[in-house]
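Peer 1: Sharing target_12.txt below, compact mmCIF, C-alpha atoms:
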# COMPACT_ATOMS: atom_id res chain seq x y z
CA MET A 49 -40.14 -32.01 26.82
CA PRO A 50 -39.33 -28.44 25.72
CA LEU A 51 -36.78 -28.07 22.92
CA THR A 52 -34.47 -25.99 25.14
CA GLU A 53 -34.32 -28.74 27.78
CA ASN A 54 -33.70 -31.43 25.15
CA LEU A 55 -30.84 -29.43 23.66
CA HIS A 56 -29.33 -28.91 27.11
CA LEU A 57 -29.47 -32.65 27.87
CA LEU A 58 -27.88 -33.50 24.52
CA SER A 59 -25.12 -30.94 25.10
CA GLN A 60 -24.22 -32.66 28.39
CA SER A 61 -23.39 -35.92 26.60
CA ILE A 62 -19.86 -36.87 25.61
CA PHE A 63 -21.01 -37.35 22.03
CA CYS A 64 -22.45 -33.85 21.59
CA SER A 65 -20.27 -31.78 23.94
CA GLY A 66 -18.36 -30.03 21.12
CA LEU A 67 -21.37 -28.95 19.07
CA ASP A 68 -22.71 -25.40 18.93
CA ARG A 69 -26.42 -24.61 19.31
CA ASP A 70 -27.22 -24.74 15.58
CA GLU A 71 -25.47 -28.08 15.23
CA LEU A 72 -27.32 -29.41 18.28
CA ARG A 73 -30.60 -28.29 16.70
CA ALA A 74 -29.70 -30.12 13.48
CA LEU A 75 -28.89 -33.27 15.44
CA HIS A 76 -32.05 -32.91 17.51
CA GLY A 77 -34.02 -32.72 14.24
CA ILE A 78 -33.25 -36.38 13.49
CA THR A 79 -33.50 -37.57 17.09
CA ALA A 80 -36.35 -39.34 18.85
CA ILE A 81 -36.48 -38.55 22.59
CA LYS A 82 -38.09 -41.44 24.47
CA LYS A 83 -39.15 -42.05 28.06
CA VAL A 84 -38.64 -45.65 29.18
CA LYS A 85 -39.98 -47.23 32.35
CA LYS A 86 -37.94 -49.30 34.79
CA GLY A 87 -37.60 -52.81 33.34
CA GLU A 88 -38.64 -51.75 29.84
CA ILE A 89 -36.67 -53.36 27.00
CA LEU A 90 -35.05 -50.98 24.50
CA PHE A 91 -33.85 -53.74 22.19
CA LEU A 92 -33.12 -57.46 22.21
CA GLU A 93 -30.16 -59.39 20.88
CA GLY A 94 -30.83 -60.11 17.22
CA ASP A 95 -33.14 -57.13 16.66
CA PRO A 96 -32.29 -55.11 13.52
CA ALA A 97 -29.78 -52.40 14.54
CA GLY A 98 -31.58 -49.36 13.20
CA GLY A 99 -29.65 -46.76 15.18
CA PHE A 100 -27.86 -45.87 18.39
CA TYR A 101 -28.70 -44.18 21.68
CA ILE A 102 -27.55 -41.59 24.21
CA LEU A 103 -28.81 -41.91 27.76
CA LEU A 104 -30.06 -38.49 28.90
CA ALA A 105 -31.33 -39.43 32.38
CA GLY A 106 -31.68 -42.56 34.48
CA LYS A 107 -29.77 -45.83 34.06
CA VAL A 108 -29.88 -48.69 31.57
CA ARG A 109 -27.91 -51.88 31.25
CA VAL A 110 -26.64 -53.86 28.27
CA TYR A 111 -26.68 -57.58 28.98
CA LYS A 112 -26.53 -61.09 27.57
CA ALA A 113 -28.93 -63.89 28.44
CA SER A 114 -27.97 -67.57 28.44
CA PRO A 115 -30.28 -70.30 27.07
CA GLU A 116 -30.99 -71.20 30.72
CA GLY A 117 -32.26 -67.69 31.37
CA LYS A 118 -29.27 -66.39 33.33
CA GLU A 119 -28.42 -62.75 32.65
CA PHE A 120 -24.92 -61.26 32.54
CA THR A 121 -24.51 -57.48 32.60
CA ILE A 122 -21.93 -56.25 30.07
CA HIS A 123 -22.26 -52.50 30.63
CA GLN A 124 -24.21 -50.22 32.96
CA ILE A 125 -24.92 -47.00 31.08
CA ASN A 126 -25.04 -43.68 32.95
CA PRO A 127 -26.40 -40.29 31.77
CA GLY A 128 -24.36 -38.73 28.97
CA GLN A 129 -23.06 -42.04 27.66
CA LEU A 130 -23.48 -43.48 24.18
CA PHE A 131 -24.63 -47.06 23.64
CA ALA A 132 -25.46 -49.43 20.77
CA GLU A 133 -23.06 -47.30 18.70
CA ALA A 134 -21.91 -50.33 16.69
CA ALA A 135 -25.09 -49.76 14.69
CA ILE A 136 -23.46 -46.68 13.12
CA PHE A 137 -20.71 -48.70 11.51
CA ARG A 138 -21.77 -52.33 11.26
CA GLY A 139 -25.54 -52.24 11.16
CA GLY A 140 -26.93 -55.73 11.07
CA GLU A 141 -28.31 -56.80 14.43
CA TYR A 142 -27.88 -55.67 18.02
CA PRO A 143 -25.35 -58.03 19.64
CA ALA A 144 -26.93 -57.88 23.13
CA ASN A 145 -30.05 -56.89 25.06
CA CYS A 146 -30.75 -53.56 26.72
CA ALA A 147 -33.22 -52.68 29.48
CA ALA A 148 -33.86 -49.74 31.79
CA LEU A 149 -32.68 -50.15 35.39
CA GLU A 150 -34.87 -47.22 36.42
CA ASP A 151 -37.22 -44.73 34.76
CA SER A 152 -35.01 -43.17 32.09
CA LEU A 153 -34.85 -40.79 29.17
CA VAL A 154 -33.01 -41.75 25.98
CA ALA A 155 -32.23 -40.11 22.66
CA PHE A 156 -32.44 -42.45 19.65
CA PHE A 157 -30.49 -41.61 16.47
CA PRO A 158 -31.66 -43.51 13.37
CA LYS A 159 -28.59 -44.71 11.49
CA GLU A 160 -29.64 -43.58 8.00
CA SER A 161 -30.68 -40.12 9.13
CA PHE A 162 -27.48 -39.68 11.12
CA VAL A 163 -25.25 -40.73 8.22
CA GLN A 164 -27.11 -38.34 5.91
CA LEU A 165 -26.71 -35.48 8.40
CA ILE A 166 -22.94 -35.86 8.67
CA LYS A 167 -22.67 -36.10 4.88
CA GLU A 168 -24.45 -32.76 4.63
CA SER A 169 -22.61 -31.21 7.61
CA PRO A 170 -19.18 -32.88 7.87
CA GLN A 171 -18.05 -30.40 10.54
CA ILE A 172 -20.46 -32.13 12.92
CA SER A 173 -18.66 -35.45 12.50
CA LEU A 174 -15.28 -33.77 13.02
CA LYS A 175 -16.46 -32.15 16.26
CA ILE A 176 -17.92 -35.46 17.44
CA ILE A 177 -14.59 -37.20 16.73
CA GLY A 178 -12.86 -34.46 18.73
CA SER A 179 -15.23 -34.93 21.67
CA MET A 180 -14.81 -38.70 21.64
CA SER A 181 -11.02 -38.32 21.44
CA SER A 182 -11.08 -36.13 24.55
CA PHE A 183 -13.19 -38.77 26.28
CA LEU A 184 -10.67 -41.49 25.37
CA ARG A 185 -7.79 -39.38 26.72
CA GLU A 186 -9.71 -38.90 29.97
CA PHE A 187 -10.52 -42.63 30.09
CA ASN A 188 -6.84 -43.52 29.61
CA ARG A 189 -5.88 -41.09 32.38
CA LYS A 190 -8.37 -42.75 34.73
CA VAL A 191 -7.02 -46.21 33.92
CA GLU A 192 -3.49 -44.98 34.58
CA GLU A 193 -4.49 -43.44 37.91
CA LEU A 194 -6.33 -46.56 39.05
CA THR A 195 -3.35 -48.69 38.08
CA LEU A 196 -0.46 -46.58 39.36
CA LYS A 197 -1.77 -44.24 42.08
CA GLU A 198 -2.78 -44.95 45.66
CA VAL A 199 -6.20 -43.80 46.90
CA PRO A 200 -4.98 -40.52 48.54
CA ALA A 201 -3.29 -39.51 45.27
CA ARG A 202 -6.45 -40.25 43.27
CA ILE A 203 -8.54 -38.13 45.66
CA ALA A 204 -6.03 -35.26 45.58
CA SER A 205 -5.86 -35.38 41.76
CA PHE A 206 -9.65 -35.31 41.51
CA ILE A 207 -9.96 -32.29 43.82
CA LEU A 208 -7.25 -30.38 41.96
CA ARG A 209 -8.90 -31.09 38.58
CA GLU A 210 -12.28 -29.94 39.88
CA ALA A 211 -10.74 -26.76 41.31
CA GLU A 212 -9.08 -26.02 37.96
CA ARG A 213 -12.29 -26.77 36.05
CA LYS A 214 -14.37 -24.48 38.28
CA GLY A 215 -11.69 -21.83 38.71
CA SER A 216 -12.06 -21.81 42.49
CA GLU A 217 -10.53 -23.39 45.58
CA HIS A 218 -14.09 -23.74 46.96
CA LEU A 219 -15.82 -26.88 45.69
CA LEU A 220 -19.26 -28.36 46.11
CA LEU A 221 -19.42 -32.07 45.29
CA ASP A 222 -22.30 -32.56 42.85
CA ILE A 223 -22.40 -36.35 43.19
CA PRO A 224 -22.95 -38.58 46.24
CA LYS A 225 -19.77 -39.65 48.02
CA ALA A 226 -20.61 -43.29 47.30
CA GLU A 227 -20.62 -42.55 43.57
CA LEU A 228 -17.40 -40.53 43.83
CA ALA A 229 -15.76 -43.42 45.69
CA LYS A 230 -16.69 -45.78 42.85
CA ARG A 231 -15.22 -43.39 40.28
CA LEU A 232 -11.98 -43.27 42.25
CA GLY A 233 -11.81 -47.03 42.60
CA THR A 234 -12.39 -47.18 46.34
CA ILE A 235 -15.21 -47.40 48.89
CA SER A 236 -17.09 -44.68 50.80
CA GLU A 237 -15.38 -45.45 54.13
CA THR A 238 -11.90 -45.13 52.61
CA LEU A 239 -12.83 -41.90 50.85
CA SER A 240 -14.18 -40.38 54.09
CA ARG A 241 -11.14 -41.53 56.08
CA ASN A 242 -8.75 -39.89 53.62
CA LEU A 243 -10.75 -36.66 53.54
CA ARG A 244 -10.56 -36.56 57.35
CA LYS A 245 -6.78 -37.04 57.11
CA PHE A 246 -6.50 -34.17 54.60
CA LYS A 247 -8.53 -32.05 57.02
CA GLU A 248 -6.37 -32.97 60.03
CA LEU A 249 -3.23 -32.01 58.10
CA GLY A 250 -4.68 -28.62 57.17
CA ILE A 251 -4.71 -29.45 53.45
CA LEU A 252 -8.48 -29.20 53.08
CA GLN A 253 -11.46 -27.83 54.89
CA VAL A 254 -14.38 -30.27 54.61
CA HIS A 255 -18.00 -29.63 55.59
CA GLY A 256 -20.30 -32.28 54.12
CA LYS A 257 -20.16 -31.80 50.34
CA LYS A 258 -18.29 -28.49 50.67
CA ILE A 259 -14.51 -28.69 50.21
CA THR A 260 -12.03 -25.80 50.40
CA ILE A 261 -8.39 -26.22 49.40
CA LEU A 262 -6.21 -24.66 52.12
CA ASP A 263 -2.77 -25.89 51.04
CA PRO A 264 -2.67 -26.46 47.25
CA ASP A 265 1.08 -27.21 47.23
CA HIS A 266 0.71 -30.02 49.74
CA LEU A 267 -2.35 -31.32 47.87
CA GLN A 268 -0.35 -31.35 44.63
CA ALA A 269 2.45 -33.24 46.36
CA VAL A 270 -0.02 -35.91 47.46
CA ALA A 271 -1.43 -36.08 43.92
CA ASP A 272 2.13 -36.64 42.69
CA GLY A 273 2.54 -39.61 45.02
CA GLU A 274 3.82 -38.17 48.29
CA LYS A 275 2.57 -40.12 51.32
CA ILE A 276 0.22 -38.39 53.76
Would you mind giving the structure from this file in structure tokens?
Peer 2:
Amino acid sequence: MPLTENLHLLSQSIFCSGLDRDELRALHGITAIKKVKKGEILFLEGDPAGGFYILLAGKVRVYKASPEGKEFTIHQINPGQLFAEAAIFRGGEYPANCAALEDSLVAFFPKESFVQLIKESPQISLKIIGSMSSFLREFNRKVEELTLKEVPARIASFILREAERKGSEHLLLDIPKAELAKRLGTISETLSRNLRKFKELGILQVHGKKITILDPDHLQAVADGEKI
């Protein structure tokens, strides 16, 4: 793949989101970009942990296998996510198996090369820590919302955050509604039903994936817990 495209994919990951172009180039210089086919094994439990990965495209899963051959999925990894990162700190062996759920693209970071890079360029490690800290704050916010907020409030909060991020009251959902429903801890039917309710109340205008905020104050009230 062209260097420009590789750098763009790396920049979309949580791990690399705070790096500038020169820092991304330096990181790319130690990285192996690999295509993996559906069902292909990236590593097995007990293999030497020589580095860690970022998923750039596709889906992979980390799983355990019992002596009887039963498999138990521990994590499903989506694009932009880091995995096998314990190799950075503990080395030794991979504690689980990993295989591609579909044709995927991964970036592999050899442990020794990565450690040497951050020794030579410590600002890279500081920016990575900052990016991961932001991710943890966002993760904690999501846990809090899923625990304390009802579905309409979660939907309203998501729409308001997207509007703020894009600087517009006109939004175009860039993920399928089924995936958005999963992120919000609900199902597609419940998501659609609540969007229809928002539309009936004149809070939103909804046409397929296009959403326009008509009454931001009312939407904020719902996000804050007001019943609709």
Peer 1: Just checking: using all atoms listed in the file, which residue out of A:Leu232, A:Ala134, A:Ala155, A:Leu90 ends up closest to His76 in chain A?
Peer 2: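 Looking only at the distances to His76 in chain A, the closest residue turns out to be A:Ala155.
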Peer 1: Within 12 Å of Ala229 in chain A, counting all atoms listed in the file, which residues show up once you throw out same-chain ones fewer than 2 positions away? Write them as a VMD selection string, please.
Peer 2: chain A and resid 194 199 to 200 202 to 203 206 221 223 to 227 231 to 243
Peer 1: May I ask for the distance between CA of Pro264 in chain A and CA of Leu228 in chain A, given in Å to one decimal place?
Peer 2: 20.7 Å
Peer 1: My list of candidates is A:Glu248, A:Glu212, A:Glu198, A:Lys175. Which is closest to Lys275 in chain A when distances are computed with only C-alpha atoms?
Peer 2: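 Using only C-alpha atoms, Lys275 in chain A sits closest to A:Glu198.
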Peer 1: Would you work out the distance separating CA of Val108 in chain A from CA of Asn126 in chain A, expressed in Å to one decimal?
Peer 2: 7.1 Å
Peer 1: Using all atoms listed in the file, which of the listed residues (A:Gly250, A:Val154, A:Leu267, A:Gly273) sits closest to Lys197 in chain A?
Peer 2: A:Gly273
Peer 1: Ranking A:Pro143, A:Gly66, A:Gly117, A:Gly215 by minimum distance to Ile172 in chain A and counting only C-alpha atoms, which one comes first?
Peer 2: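 Ranked by minimum distance to Ile172 in chain A, first place goes to A:Gly66.
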Peer 1: Write range 208-225 of chain A as a compact mmCIF listing (two decimals), in the coordinates of the input, completed to N, CA and C atoms.
Peer 2:
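In the end it all went to rebuild_15.txt:
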# COMPACT_ATOMS: atom_id res chain seq x y z
N LEU A 208 -8.00 -31.40 42.71
CA LEU A 208 -7.25 -30.38 41.96
C LEU A 208 -7.86 -30.16 40.58
N ARG A 209 -8.27 -31.23 39.90
CA ARG A 209 -8.90 -31.09 38.58
C ARG A 209 -10.21 -30.32 38.67
N GLU A 210 -11.01 -30.64 39.71
CA GLU A 210 -12.28 -29.94 39.88
C GLU A 210 -12.05 -28.45 40.18
N ALA A 211 -11.04 -28.16 40.99
CA ALA A 211 -10.74 -26.76 41.31
C ALA A 211 -10.32 -26.00 40.05
N GLU A 212 -9.51 -26.67 39.21
CA GLU A 212 -9.08 -26.02 37.96
C GLU A 212 -10.27 -25.82 37.03
N ARG A 213 -11.13 -26.85 36.95
CA ARG A 213 -12.29 -26.77 36.05
C ARG A 213 -13.24 -25.65 36.47
N LYS A 214 -13.42 -25.48 37.78
CA LYS A 214 -14.37 -24.48 38.28
C LYS A 214 -13.72 -23.13 38.55
N GLY A 215 -12.38 -23.09 38.49
CA GLY A 215 -11.69 -21.83 38.71
C GLY A 215 -11.82 -21.30 40.11
N SER A 216 -11.88 -22.22 41.09
CA SER A 216 -12.06 -21.81 42.49
C SER A 216 -11.50 -22.88 43.41
N GLU A 217 -10.99 -22.43 44.58
CA GLU A 217 -10.53 -23.39 45.58
C GLU A 217 -11.69 -23.87 46.46
N HIS A 218 -12.89 -23.32 46.22
CA HIS A 218 -14.09 -23.74 46.96
C HIS A 218 -14.92 -24.66 46.06
N LEU A 219 -15.12 -25.89 46.50
CA LEU A 219 -15.82 -26.88 45.69
C LEU A 219 -17.06 -27.36 46.39
N LEU A 220 -18.06 -27.72 45.60
CA LEU A 220 -19.26 -28.36 46.11
C LEU A 220 -19.45 -29.63 45.32
N LEU A 221 -19.29 -30.79 45.97
CA LEU A 221 -19.42 -32.07 45.29
C LEU A 221 -20.84 -32.21 44.76
N ASP A 222 -20.97 -32.46 43.45
CA ASP A 222 -22.30 -32.56 42.85
C ASP A 222 -22.75 -33.99 42.65
N ILE A 223 -22.00 -34.95 43.24
CA ILE A 223 -22.40 -36.35 43.19
C ILE A 223 -22.29 -36.93 44.60
N PRO A 224 -23.06 -37.96 44.92
CA PRO A 224 -22.95 -38.58 46.24
C PRO A 224 -21.54 -39.13 46.46
N LYS A 225 -21.11 -39.15 47.72
CA LYS A 225 -19.77 -39.65 48.02
C LYS A 225 -19.61 -41.11 47.62
